[in-house]
Every structure is written in structure tokens, then in C-alpha cells.
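Text of query18.tsv, listed as TSV, C-alpha atoms:
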chain	number	residue	atom	x	y	z
A	1	MET	CA	0.00	0.00	0.00
A	2	CYS	CA	1.23	3.47	-0.88
A	3	ARG	CA	0.18	6.38	1.32
A	4	ARG	CA	1.17	10.00	0.82
A	5	THR	CA	0.31	13.42	2.23
A	6	SER	CA	-2.39	15.29	0.33
A	7	ILE	CA	-1.14	18.29	-1.63
A	8	VAL	CA	-4.53	19.96	-1.86
A	9	THR	CA	-7.83	19.54	0.00
A	10	ARG	CA	-10.90	20.25	-2.04
A	11	THR	CA	-14.60	19.52	-2.17
A	12	LEU	CA	-15.95	17.79	-5.26
A	13	THR	CA	-18.77	19.74	-6.82
A	14	GLY	CA	-21.83	17.54	-7.09
A	15	LEU	CA	-22.30	13.88	-7.73
A	16	ALA	CA	-21.06	12.34	-10.96
A	17	LEU	CA	-23.48	11.24	-13.66
A	18	PHE	CA	-22.34	7.74	-14.41
A	19	VAL	CA	-21.32	6.96	-17.96
A	20	GLY	CA	-20.05	3.40	-18.76
A	21	VAL	CA	-16.48	3.38	-19.73
A	22	VAL	CA	-14.61	3.35	-19.99
A	23	ALA	CA	-14.46	2.73	-19.21
A	24	VAL	CA	-12.13	1.11	-20.68
A	25	ALA	CA	-8.61	3.28	-23.78
A	26	CYS	CA	-3.93	15.31	-22.11
A	27	SER	CA	-0.43	26.20	-20.05
A	28	THR	CA	-2.86	26.30	-17.35
A	29	ALA	CA	-4.70	29.55	-16.53
A	30	ALA	CA	-3.98	31.03	-13.14
A	31	THR	CA	-7.60	30.96	-11.99
A	32	PRO	CA	-10.58	28.71	-12.73
A	33	GLY	CA	-13.66	29.89	-14.57
A	34	GLU	CA	-14.32	30.44	-18.24
A	35	PRO	CA	-11.39	28.87	-20.10
A	36	THR	CA	-9.41	31.24	-22.31
A	37	ARG	CA	-8.57	30.29	-25.87
A	38	SER	CA	-5.10	29.16	-26.70
A	39	ALA	CA	-2.90	31.72	-28.42
A	40	SER	CA	-2.22	29.08	-31.03
A	41	SER	CA	-4.50	29.09	-34.07
A	42	SER	CA	-2.99	26.04	-35.68
A	43	ASN	CA	-5.86	23.65	-34.98
A	44	THR	CA	-8.33	23.34	-37.83
A	45	ALA	CA	-12.02	23.00	-37.07
A	46	THR	CA	-14.96	22.23	-39.30
A	47	VAL	CA	-18.28	22.99	-37.63
A	48	GLY	CA	-21.50	21.45	-38.90
A	49	SER	CA	-24.63	23.51	-39.44
A	50	ALA	CA	-26.37	21.87	-36.50
A	51	ALA	CA	-23.74	23.13	-34.10
A	52	ALA	CA	-23.73	26.60	-35.61
A	53	GLY	CA	-27.50	26.80	-35.38
A	54	SER	CA	-27.68	25.59	-31.79
A	55	SER	CA	-25.42	28.40	-30.60
A	56	GLN	CA	-27.92	30.96	-31.97
A	57	ALA	CA	-31.07	29.32	-30.65
A	58	THR	CA	-33.16	31.12	-28.03
A	59	THR	CA	-34.03	28.92	-25.06
A	60	PRO	CA	-37.55	29.44	-23.61
A	61	THR	CA	-37.43	30.73	-20.06
A	62	HIS	CA	-39.40	27.78	-18.71
A	63	ILE	CA	-36.85	25.24	-20.01
A	64	ALA	CA	-33.42	24.90	-18.45
A	65	ALA	CA	-30.69	25.83	-20.92
A	66	PRO	CA	-28.38	22.92	-21.79
A	67	ARG	CA	-25.03	23.08	-20.08
A	68	ARG	CA	-21.99	23.70	-22.24
A	69	LEU	CA	-19.62	20.79	-22.59
A	70	VAL	CA	-15.85	20.71	-23.01
A	71	ALA	CA	-13.82	17.78	-24.34
A	72	VAL	CA	-10.68	16.97	-22.36
A	73	VAL	CA	-8.12	15.06	-24.44
A	74	THR	CA	-4.72	13.46	-23.93
A	75	ALA	CA	-2.07	14.67	-26.38
A	76	GLU	CA	0.61	12.17	-25.47
A	77	THR	CA	3.36	13.22	-27.88
A	78	GLU	CA	2.98	16.79	-26.58
A	79	HIS	CA	3.03	15.62	-22.93
A	80	ALA	CA	-0.16	17.54	-22.30
A	81	VAL	CA	-3.85	17.43	-21.56
A	82	LEU	CA	-6.04	19.70	-23.70
A	83	ALA	CA	-9.44	21.26	-23.03
A	84	VAL	CA	-11.24	21.58	-26.37
A	85	SER	CA	-14.41	23.53	-27.11
A	86	THR	CA	-17.16	21.21	-28.36
A	87	ARG	CA	-18.66	24.17	-30.27
A	88	THR	CA	-15.61	25.54	-32.12
A	89	GLY	CA	-12.89	22.89	-31.79
A	90	HIS	CA	-10.46	25.49	-30.40
A	91	VAL	CA	-8.01	24.47	-27.68
A	92	LEU	CA	-9.15	26.43	-24.62
A	93	ARG	CA	-6.52	25.27	-22.20
A	94	ARG	CA	-3.33	23.21	-22.22
A	95	ALA	CA	-1.92	21.49	-19.12
A	96	PRO	CA	1.55	19.91	-19.20
A	97	VAL	CA	1.78	16.55	-17.43
A	98	ALA	CA	4.56	14.06	-16.71
A	99	GLY	CA	5.61	11.59	-19.37
A	100	ASP	CA	3.36	10.64	-22.26
A	101	PRO	CA	-0.22	10.78	-20.93
A	102	THR	CA	-2.33	8.12	-22.60
A	103	THR	CA	-5.64	7.80	-20.77
A	104	LEU	CA	-7.78	9.84	-18.44
A	105	ALA	CA	-11.04	9.69	-16.52
A	106	SER	CA	-13.30	12.14	-14.75
A	107	ALA	CA	-16.69	12.74	-13.26
A	108	PRO	CA	-18.66	15.32	-15.30
A	109	GLU	CA	-17.68	18.03	-12.81
A	110	GLY	CA	-14.03	16.91	-12.39
A	111	PRO	CA	-11.38	16.41	-11.16
A	112	VAL	CA	-9.46	14.87	-14.08
A	113	VAL	CA	-7.36	11.76	-13.44
A	114	VAL	CA	-4.54	11.40	-16.00
A	115	VAL	CA	-2.49	8.22	-16.48
A	116	SER	CA	1.12	8.28	-17.76
A	117	PRO	CA	2.40	4.69	-18.10
A	118	ASP	CA	5.99	5.47	-19.11
A	119	ALA	CA	6.44	7.89	-16.22
A	120	GLY	CA	4.68	5.54	-13.80
A	121	VAL	CA	2.51	8.32	-12.37
A	122	VAL	CA	-1.10	9.39	-12.10
A	123	THR	CA	-1.73	13.16	-12.20
A	124	ILE	CA	-4.83	14.75	-10.64
A	125	LEU	CA	-5.95	17.98	-12.34
A	126	SER	CA	-8.61	20.43	-11.18
A	127	TRP	CA	-11.60	21.31	-13.29
A	128	PRO	CA	-12.10	23.72	-15.00
A	129	GLY	CA	-8.62	25.12	-14.40
A	130	LEU	CA	-6.67	21.94	-15.22
A	131	ASN	CA	-4.33	23.01	-12.43
A	132	ARG	CA	-2.14	20.27	-11.00
A	133	LEU	CA	-3.50	19.10	-7.64
A	134	ALA	CA	-1.29	16.06	-7.11
A	135	VAL	CA	1.08	13.61	-8.75
A	136	VAL	CA	0.50	10.13	-7.33
A	137	ARG	CA	3.50	7.81	-7.59
A	138	GLY	CA	4.17	4.19	-6.68
A	139	PHE	CA	3.05	2.66	-9.99
A	140	ARG	CA	5.19	0.72	-12.48
A	141	SER	CA	2.98	0.85	-15.57
A	142	PRO	CA	-0.43	2.40	-14.82
A	143	GLN	CA	-2.85	1.94	-17.70
A	144	ILE	CA	-6.46	2.92	-17.11
A	145	ALA	CA	-8.32	5.02	-14.55
A	146	ALA	CA	-12.05	4.78	-13.79
A	147	VAL	CA	-13.88	7.21	-11.52
A	148	THR	CA	-16.70	5.82	-9.37
A	149	PRO	CA	-20.26	7.13	-9.91
A	150	ASP	CA	-20.17	9.14	-6.68
A	151	GLY	CA	-17.05	10.95	-7.90
A	152	GLU	CA	-15.11	10.17	-4.73
A	153	TRP	CA	-12.73	7.43	-5.85
A	154	ALA	CA	-10.57	6.47	-8.83
A	155	LEU	CA	-9.53	2.92	-9.65
A	156	VAL	CA	-6.22	2.58	-11.51
A	157	SER	CA	-4.93	-0.57	-13.20
A	158	ASP	CA	-1.20	-1.39	-13.38
A	159	ALA	CA	-0.20	-3.82	-16.12
A	160	ALA	CA	3.31	-4.43	-14.76
A	161	THR	CA	2.34	-5.23	-11.17
A	162	GLY	CA	-1.07	-6.72	-11.93
A	163	ASP	CA	-2.63	-4.50	-9.28
A	164	VAL	CA	-5.73	-2.35	-9.14
A	165	SER	CA	-5.35	0.62	-6.78
A	166	THR	CA	-7.92	2.91	-5.19
A	167	ILE	CA	-7.17	6.64	-5.02
A	168	GLU	CA	-9.33	8.69	-2.66
A	169	LEU	CA	-9.91	11.88	-4.64
A	170	ALA	CA	-10.64	14.03	-1.58
A	171	ASP	CA	-6.97	13.83	-0.55
A	172	ASP	CA	-5.23	12.41	-3.63
A	173	GLN	CA	-3.73	9.32	-2.03
A	174	VAL	CA	-3.75	5.59	-2.64
A	175	VAL	CA	-5.77	3.86	0.07
A	176	ASP	CA	-5.78	0.24	-1.14
A	177	ARG	CA	-4.31	-2.14	-3.70
A	178	VAL	CA	-5.36	-5.63	-4.74
A	179	HIS	CA	-3.49	-8.00	-7.05
A	180	VAL	CA	-5.80	-9.12	-9.87
A	181	GLY	CA	-3.29	-10.55	-12.37
A	182	ASP	CA	-0.62	-9.57	-14.87
A	183	GLY	CA	-1.66	-7.15	-17.58
A	184	ALA	CA	-4.46	-5.44	-15.63
A	185	HIS	CA	-6.01	-2.97	-18.03
A	186	HIS	CA	-9.56	-1.78	-18.83
A	187	ILE	CA	-11.95	-1.19	-15.93
A	188	ALA	CA	-15.76	-1.03	-15.75
A	189	VAL	CA	-17.58	0.16	-12.61
A	190	SER	CA	-21.22	-0.71	-11.98
A	191	PRO	CA	-23.76	2.14	-11.76
A	192	ASN	CA	-24.60	1.19	-8.16
A	193	GLN	CA	-20.86	1.14	-7.33
A	194	ARG	CA	-21.04	-2.35	-5.87
A	195	SER	CA	-18.72	-4.10	-8.31
A	196	ALA	CA	-16.05	-3.59	-10.96
A	197	TRP	CA	-14.79	-5.73	-13.84
A	198	ILE	CA	-11.11	-5.70	-14.87
A	199	ALA	CA	-9.75	-7.04	-18.18
A	200	LEU	CA	-6.31	-8.64	-17.85
A	201	GLY	CA	-4.68	-7.19	-20.95
A	202	GLU	CA	-5.72	-5.42	-24.12
A	203	THR	CA	-6.37	-8.88	-25.58
A	204	ALA	CA	-7.69	-10.37	-22.35
A	205	HIS	CA	-8.62	-14.00	-21.83
A	206	THR	CA	-9.55	-13.39	-18.19
A	207	ILE	CA	-11.83	-10.81	-16.61
A	208	VAL	CA	-11.66	-10.29	-12.84
A	209	ARG	CA	-14.68	-9.21	-10.80
A	210	LEU	CA	-14.14	-7.01	-7.73
A	211	ASP	CA	-16.37	-6.22	-4.77
A	212	LEU	CA	-16.41	-2.42	-4.71
A	213	ARG	CA	-18.86	-1.78	-1.89
A	214	ASN	CA	-15.92	-0.53	0.20
A	215	PRO	CA	-13.54	1.12	-2.30
A	216	GLY	CA	-10.91	1.40	0.43
A	217	HIS	CA	-10.89	-2.38	0.78
A	218	LEU	CA	-11.08	-4.08	-2.63
A	219	ARG	CA	-11.88	-7.79	-2.78
A	220	ILE	CA	-11.84	-10.30	-5.68
A	221	ILE	CA	-15.18	-12.11	-6.02
A	222	GLY	CA	-14.74	-14.04	-9.26
A	223	ARG	CA	-13.10	-14.55	-12.63
A	224	ILE	CA	-14.56	-14.96	-16.12
A	225	GLN	CA	-13.02	-16.53	-19.20
A	226	PRO	CA	-14.77	-14.66	-22.03
A	227	GLY	CA	-13.97	-17.20	-24.77
A	228	GLN	CA	-12.61	-14.63	-27.19
A	229	ALA	CA	-9.98	-11.99	-26.50
A	230	ALA	CA	-11.60	-9.05	-24.69
A	231	HIS	CA	-10.57	-5.41	-24.90
A	232	ASP	CA	-12.91	-2.87	-23.28
A	233	LEU	CA	-15.87	-3.28	-20.90
A	234	ALA	CA	-18.84	-1.13	-19.82
A	235	PHE	CA	-21.87	-1.65	-17.61
A	236	ALA	CA	-25.25	-0.83	-19.13
A	237	PRO	CA	-27.05	2.03	-17.33
A	238	ASN	CA	-29.40	-0.38	-15.54
A	239	GLY	CA	-26.42	-2.37	-14.24
A	240	ALA	CA	-27.87	-5.70	-15.40
A	241	THR	CA	-25.40	-6.38	-18.19
A	242	VAL	CA	-21.76	-5.74	-19.04
A	243	TRP	CA	-20.81	-5.16	-22.67
A	244	VAL	CA	-17.38	-6.58	-23.55
A	245	THR	CA	-15.65	-5.60	-26.78
A	246	SER	CA	-13.30	-7.90	-28.63
A	247	ALA	CA	-9.68	-7.28	-29.50
A	248	THR	CA	-9.93	-9.61	-32.50
A	249	ALA	CA	-13.56	-10.33	-33.44
A	250	PRO	CA	-16.01	-7.88	-35.10
A	251	ASP	CA	-18.62	-8.00	-32.34
A	252	VAL	CA	-19.42	-7.05	-28.75
A	253	SER	CA	-20.48	-9.61	-26.15
A	254	VAL	CA	-23.34	-8.77	-23.81
A	255	ARG	CA	-22.94	-10.61	-20.48
A	256	SER	CA	-24.94	-10.93	-17.31
A	257	ALA	CA	-23.48	-8.65	-14.65
A	258	ARG	CA	-24.48	-11.15	-11.98
A	259	SER	CA	-23.15	-14.39	-13.48
A	260	GLY	CA	-20.95	-13.36	-16.40
A	261	ARG	CA	-23.01	-15.60	-18.69
A	262	LEU	CA	-23.07	-14.65	-22.38
A	263	LEU	CA	-26.52	-13.31	-23.30
A	264	ALA	CA	-26.07	-11.89	-26.81
A	265	THR	CA	-23.62	-10.45	-29.32
A	266	VAL	CA	-23.80	-7.18	-31.25
A	267	PRO	CA	-22.04	-6.71	-34.64
A	268	ALA	CA	-19.46	-3.95	-34.36
A	269	GLY	CA	-17.12	-3.77	-37.36
A	270	PRO	CA	-13.37	-4.38	-37.44
A	271	ALA	CA	-11.84	-4.75	-33.97
A	272	PRO	CA	-10.80	-3.41	-31.58
A	273	GLN	CA	-13.76	-1.41	-30.32
A	274	HIS	CA	-14.73	0.67	-27.35
A	275	VAL	CA	-18.21	1.03	-25.90
A	276	THR	CA	-20.00	3.60	-23.77
A	277	PHE	CA	-23.58	4.48	-22.87
A	278	SER	CA	-25.71	7.60	-22.72
A	279	GLN	CA	-28.21	7.88	-19.91
A	280	GLY	CA	-31.12	8.95	-22.11
A	281	PRO	CA	-33.96	9.03	-22.26
A	282	PRO	CA	-33.81	6.92	-24.21
A	283	ALA	CA	-30.57	5.19	-23.22
A	284	ALA	CA	-28.25	4.17	-26.03
A	285	ALA	CA	-25.02	2.23	-26.45
A	286	TYR	CA	-22.29	3.59	-28.71
A	287	ILE	CA	-19.65	1.29	-30.18
A	288	SER	CA	-16.57	2.53	-32.02
A	289	SER	CA	-14.59	0.71	-34.68
A	290	GLY	CA	-11.40	2.69	-35.17
A	291	TYR	CA	-10.19	0.52	-38.02
A	292	GLY	CA	-13.63	0.58	-39.62
A	293	SER	CA	-13.97	4.38	-39.24
A	294	THR	CA	-17.46	4.04	-37.78
A	295	ILE	CA	-19.56	4.58	-34.67
A	296	GLU	CA	-22.72	2.55	-34.12
A	297	MET	CA	-25.71	3.52	-32.02
A	298	VAL	CA	-27.35	0.46	-30.44
A	299	ASN	CA	-30.61	0.00	-28.55
A	300	PRO	CA	-29.41	-1.54	-25.25
A	301	THR	CA	-32.69	-3.42	-24.76
A	302	THR	CA	-33.13	-4.98	-28.21
A	303	ARG	CA	-29.36	-4.88	-28.94
A	304	ARG	CA	-30.10	-3.80	-32.49
A	305	VAL	CA	-27.98	-1.29	-34.35
A	306	THR	CA	-30.19	1.76	-34.98
A	307	ARG	CA	-27.73	4.12	-36.66
A	308	ARG	CA	-24.16	4.29	-38.01
A	309	ALA	CA	-21.90	7.25	-38.64
A	310	ALA	CA	-18.55	7.64	-40.37
A	311	VAL	CA	-15.69	9.07	-38.29
A	312	PRO	CA	-11.98	9.65	-38.98
A	313	TYR	CA	-9.79	6.56	-39.25
A	314	GLY	CA	-8.34	5.56	-35.89
A	315	SER	CA	-11.23	6.94	-33.81
A	316	PHE	CA	-11.18	4.38	-31.00
A	317	ASN	CA	-12.05	6.07	-27.71
A	318	LEU	CA	-15.48	7.44	-26.89
A	319	SER	CA	-17.25	9.67	-24.38
A	320	THR	CA	-20.90	10.64	-23.94
A	321	LEU	CA	-22.53	13.29	-21.78
A	322	ASP	CA	-25.90	15.00	-21.99
A	323	ASN	CA	-26.69	15.41	-25.71
A	324	LEU	CA	-23.24	14.80	-27.20
A	325	VAL	CA	-21.01	11.94	-28.29
A	326	ALA	CA	-17.27	12.54	-28.76
A	327	THR	CA	-14.42	10.50	-30.18
A	328	THR	CA	-10.72	11.03	-30.92
A	329	SER	CA	-8.45	9.67	-33.61
A	330	LEU	CA	-5.24	8.26	-32.21
A	331	LEU	CA	-3.74	8.29	-35.70
A	332	ASN	CA	-4.36	11.89	-36.83
A	333	GLY	CA	-5.31	13.84	-33.69
A	334	THR	CA	-8.87	14.66	-34.77
A	335	VAL	CA	-11.59	15.33	-32.21
A	336	THR	CA	-15.07	14.58	-33.58
A	337	ILE	CA	-18.24	15.81	-31.87
A	338	LEU	CA	-21.61	14.28	-32.75
A	339	SER	CA	-25.16	14.65	-31.53
A	340	ARG	CA	-26.81	11.81	-29.60
A	341	ASP	CA	-28.29	10.52	-32.86
A	342	LEU	CA	-24.82	10.60	-34.50
A	343	HIS	CA	-25.16	13.67	-36.69
A	344	ARG	CA	-21.67	15.11	-37.14
A	345	ARG	CA	-21.27	18.56	-35.58
A	346	LEU	CA	-17.54	19.19	-35.62
A	347	ASP	CA	-14.14	17.82	-36.63
A	348	ALA	CA	-11.02	19.52	-35.25
A	349	VAL	CA	-7.36	18.53	-35.42
A	350	VAL	CA	-5.99	19.38	-31.96
A	351	ALA	CA	-2.71	17.43	-31.74
A	352	PRO	CA	-0.52	15.00	-33.71
A	353	GLU	CA	-2.10	12.20	-31.66
A	354	ALA	CA	-5.21	12.35	-29.49
A	355	ARG	CA	-5.81	9.11	-27.65
A	356	GLU	CA	-8.33	9.49	-24.83
A	357	ILE	CA	-11.30	11.84	-24.49
A	358	VAL	CA	-13.84	12.68	-21.81
A	359	LEU	CA	-16.69	15.20	-21.91
A	360	LEU	CA	-17.12	17.50	-18.90
A	361	HIS	CA	-19.52	20.24	-17.89
A	362	GLN	CA	-18.16	23.76	-18.27
A	363	PRO	CA	-19.12	25.86	-15.23
A	364	SER	CA	-21.31	28.82	-16.09
Let me see whether you can do it: turn the structure in this file into C-alpha cells.
Amino acid sequence: MCRRTSIVTRTLTGLALFVGVVAVACSTAATPGEPTRSASSSNTATVGSAAAGSSQATTPTHIAAPRRLVAVVTAETEHAVLAVSTRTGHVLRRAPVAGDPTTLASAPEGPVVVVSPDAGVVTILSWPGLNRLAVVRGFRSPQIAAVTPDGEWALVSDAATGDVSTIELADDQVVDRVHVGDGAHHIAVSPNQRSAWIALGETAHTIVRLDLRNPGHLRIIGRIQPGQAAHDLAFAPNGATVWVTSATAPDVSVRSARSGRLLATVPAGPAPQHVTFSQGPPAAAYISSGYGSTIEMVNPTTRRVTRRAAVPYGSFNLSTLDNLVATTSLLNGTVTILSRDLHRRLDAVVAPEAREIVLLHQPS
């Protein structure tokens, strides 16, 4: 167990709206608030008519105005985390972080948990300032972070040690570690925060189930052999099923969250894929095929594909929040913003490579 003194004490603002992950695949302004645009004008954005029209629309006084969203992205070759406007594609803020940041996770109100495998560190950034709150050490090769639905804890997998660690976000310190197996990688947390599934590797032949009722005391409760190599995992919003993508096969397996039993498969295009869910109503599953240059919208009840959209080649990682879906291309650094029904709103090149993305609320 690694314990360290908290650098900053803060209060998380509000409870997180749970979105299945991820779960899974980054200069700071002096003060928080409305992010300022980067002085750089090198990023190229193409904004669809739907996005341009929505910014001009008048919202009736009896209906709450939709909250603005910002995409936070890892730019690993630039050793930075970027905040990107979902309306214009401009880089609003740039935060340098240690090593080559690959993945990140956050509740919709922050903070942002950034994982740098080569540096062996996890960096905690404030939101909206992207100011550095803490650098958590004691990892050998951290891979994926997942924030719990209550926004109070982050689980971090370490492929080299085979551990999953719990970071308490109120004081930025590791409070527990459990050994799950070599190659620990993608993490899915249940909506009721009672369990988590861990894939052992990016082409995993074992999935470990954890009891998460006490995040400060993790406990293994079972293992699943999925039959085909698994990549990413995500709980459906009702918590009854876990959707497991394949690293090799062109489909997604839908499994019982209680037993792990295979219930159905969903066609998904060339592997590997990632999967995430919107809360609705109605709820929807979104499946990416980076090598197939597509995103699919799937009815989580019938498991039928209801819509497909083309996206830039290499768009693997996904995020959903409120009325938007976002993806990034690892191969050309393009951020793509789509509506819930997969109408393209914006494409913007923000970095040479853009691996991970998460949508967050921008404070008013």
C-alpha cells in the first residue's frame, strides 16, 4: 500500500453522472472559470450547421438551458492534456503533465485523473482550471483510470504489477491495492458502485470481478473466461449487463453482470472497439470501430444497431454526456463531436495524436 500526504484539500462539486467506460482506452490559466482560448491558431475545425445553429437558438425561459460541454483530451506526444471547445474545436486550455499521458477519466464536474504509463505516475488535475493538484507515484505501468459514480474514488490498473489501486480523490492518495493478475487494463464500474470488472490485458482472456462496496478495501469475487480476447468493458445504465468488446472479433459480447453468462452479441465492425452508454432518455449504447472508421448507435434493450456514422480513421475512444457523443483519432489527432443521434457537428485537429477523451460540464 502506498500512502502519501495530500497536496490539496478540495470539495468535489456535485455527484457524478455515471457513464459506462470506460471505461475502458492530455499552459494552465492562473484561476478557474471560463477557459481562455489558446494563443495558437494552428488547430483546424470544421463545424457542422447543427452546431452553428444551436449556438444561436433562443431557449424558452421555462426550459433549463443545456449546459456547455468541453472535451478533455490526452495529447501524449505533446506531454499535455487539452481542453477543447465542443462548439468551435479550439483548444481552450493546455496542461503539461509528466511523461506521455495516454488515458484519463473524470466525473462530469471533475477532477481529471490522467495516467502516464511510461512515467509511472497518475496526475490529478482540477476542473475547470486543469491546475495540477497532485502527482500520485508508486506505480510501475499504470494503464487505465475509472472514476466511481459518486465521484469520490478512482480505480487505476497497473499492467506491470497486476494491481488495481484505489485513489481517494478528496486527498489524492492511494488507500488500497489488490493483485488481480498480470496485464491489468480496462476497468468497468457498476452504476450502483457495488462491483467492478477488470480485463487482464488489451487482448484479455480473463476478466476479474471485484467487490467495490468498500472502495478502500477491494476484494476479488470471481473470474470470467470470455472465450474470445476481450478489450474494453462497460456496464449498461441499468447495471444488469456488461458489454465486452473484442480485440480480435467484429462483435461485442453482452454478459450478465451477476453471473458473467453470455446473453447476446452485437455486430461492431473491425476490432478493436470501445463502448460507452448515454443515460437517455432513451438510453443508447455507442460502439466505435477505429479501423472501420465508424460509430454505431445500439438500442441496449433490443441490442439492435439503430444508426451508423462515419468518423476519422483511428477513432477508438469514446465519451458521452448530456446530448453529445465525442471520439478522438489516435492516428491523426482529430476530435469529432456528434449529436446523440450521431449527426456530425464538428471535426477539429488538436494534436498530432489524441488518444483518450472525456466530456465535462463547463461551469457557467
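CA of Thr123 (chain A) is found 4.5 Å from CA of Val135 (chain A).
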- [ ] Could you give me, as number ranges by chain, the residues within 9 Å of region 289-294 of chain A, counting all atoms listed in the file and dropping anything in the same chain fewer than 4 positions from it?
- [x] A: 250, 268-274, 308-317, 329-330
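Neighbouring residues of region 199-208 of chain A at 6 Å or closer, counting all atoms listed in the file and skipping chain neighbours under 6 positions away, are Gly183, Ala184, His185, His186, Arg223, Ile224, Gln225, Ala229, Ala230, His231 and Ala247 of chain A.
A straight line drawn from CA of Pro300 (chain A) to CA of Pro237 (chain A) is 9.0 Å long.
Atom pair CA of Gln193 (chain A) / CA of Ile220 (chain A) has a distance of 14.7 Å (rounded to one decimal).
Once Ser157 (chain A) and its same-chain neighbours fewer than 2 positions away are set aside, A:Pro142, A:Gln143, A:Ile144, A:Ala145, A:Leu155, A:Ala159, A:Gly162, A:Asp163, A:Val164, A:Ser165, A:Ala184, A:His185, A:His186, A:Ile187 remain within 8 Å of it when counting all atoms listed in the file.
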Taking C-alpha atoms for each residue, export the selection above as a tab-separated table (two decimals), in the frame of the given file.
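Output file again-v1.tsv is given in full below:
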chain	number	residue	atom	x	y	z
A	142	PRO	CA	-0.43	2.40	-14.82
A	143	GLN	CA	-2.85	1.94	-17.70
A	144	ILE	CA	-6.46	2.92	-17.11
A	145	ALA	CA	-8.32	5.02	-14.55
A	155	LEU	CA	-9.53	2.92	-9.65
A	159	ALA	CA	-0.20	-3.82	-16.12
A	162	GLY	CA	-1.07	-6.72	-11.93
A	163	ASP	CA	-2.63	-4.50	-9.28
A	164	VAL	CA	-5.73	-2.35	-9.14
A	165	SER	CA	-5.35	0.62	-6.78
A	184	ALA	CA	-4.46	-5.44	-15.63
A	185	HIS	CA	-6.01	-2.97	-18.03
A	186	HIS	CA	-9.56	-1.78	-18.83
A	187	ILE	CA	-11.95	-1.19	-15.93
Open item on the list: Residues near Val112 (chain A), anyone? I mean within 8 Å using all atoms listed in the file, not counting same-chain ones fewer than 4 positions away, as number ranges by chain.
Closed with: A: 104-107, 124-127, 130
TODO: Go through A:Ile221, A:Arg93, A:Val178, A:Thr336 one by one, measure the shortest atom-to-atom distance of each to Asn131 (chain A) using all atoms listed in the file, and give the residue with the smallest value.
DONE: A:Arg93
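For the residues A:Ile287, A:Val156, A:Ala134, A:Ala234, ranking by smallest atom-to-atom distance to Val180 (chain A) using only C-alpha atoms places A:Val156 first.
Counting only C-alpha atoms, the residue from A:Pro352, A:Pro281, A:Pro363, A:Gly216 that sits nearest to Asn323 (chain A) is A:Pro281.
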Task: Selection near region 95-103 of chain A, 9 Å with all atoms listed in the file, sequence-local residues under 5 positions removed, as a ChimeraX atom specification - done: /A:25-29,73-83,113-123,125,129-132,135,143-145,354-357
Pull C-alpha atoms from the residues just selected and write them as a short mmCIF file (atom, residue, chain, number, x, y, z; two decimals), in the frame of the given file.
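Output file result00.cif follows:
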data_model
loop_
_atom_site.label_atom_id
_atom_site.label_comp_id
_atom_site.auth_asym_id
_atom_site.auth_seq_id
_atom_site.Cartn_x
_atom_site.Cartn_y
_atom_site.Cartn_z
CA ALA A 25 -8.61 3.28 -23.78
CA CYS A 26 -3.93 15.31 -22.11
CA SER A 27 -0.43 26.20 -20.05
CA THR A 28 -2.86 26.30 -17.35
CA ALA A 29 -4.70 29.55 -16.53
CA VAL A 73 -8.12 15.06 -24.44
CA THR A 74 -4.72 13.46 -23.93
CA ALA A 75 -2.07 14.67 -26.38
CA GLU A 76 0.61 12.17 -25.47
CA THR A 77 3.36 13.22 -27.88
CA GLU A 78 2.98 16.79 -26.58
CA HIS A 79 3.03 15.62 -22.93
CA ALA A 80 -0.16 17.54 -22.30
CA VAL A 81 -3.85 17.43 -21.56
CA LEU A 82 -6.04 19.70 -23.70
CA ALA A 83 -9.44 21.26 -23.03
CA VAL A 113 -7.36 11.76 -13.44
CA VAL A 114 -4.54 11.40 -16.00
CA VAL A 115 -2.49 8.22 -16.48
CA SER A 116 1.12 8.28 -17.76
CA PRO A 117 2.40 4.69 -18.10
CA ASP A 118 5.99 5.47 -19.11
CA ALA A 119 6.44 7.89 -16.22
CA GLY A 120 4.68 5.54 -13.80
CA VAL A 121 2.51 8.32 -12.37
CA VAL A 122 -1.10 9.39 -12.10
CA THR A 123 -1.73 13.16 -12.20
CA LEU A 125 -5.95 17.98 -12.34
CA GLY A 129 -8.62 25.12 -14.40
CA LEU A 130 -6.67 21.94 -15.22
CA ASN A 131 -4.33 23.01 -12.43
CA ARG A 132 -2.14 20.27 -11.00
CA VAL A 135 1.08 13.61 -8.75
CA GLN A 143 -2.85 1.94 -17.70
CA ILE A 144 -6.46 2.92 -17.11
CA ALA A 145 -8.32 5.02 -14.55
CA ALA A 354 -5.21 12.35 -29.49
CA ARG A 355 -5.81 9.11 -27.65
CA GLU A 356 -8.33 9.49 -24.83
CA ILE A 357 -11.30 11.84 -24.49
#
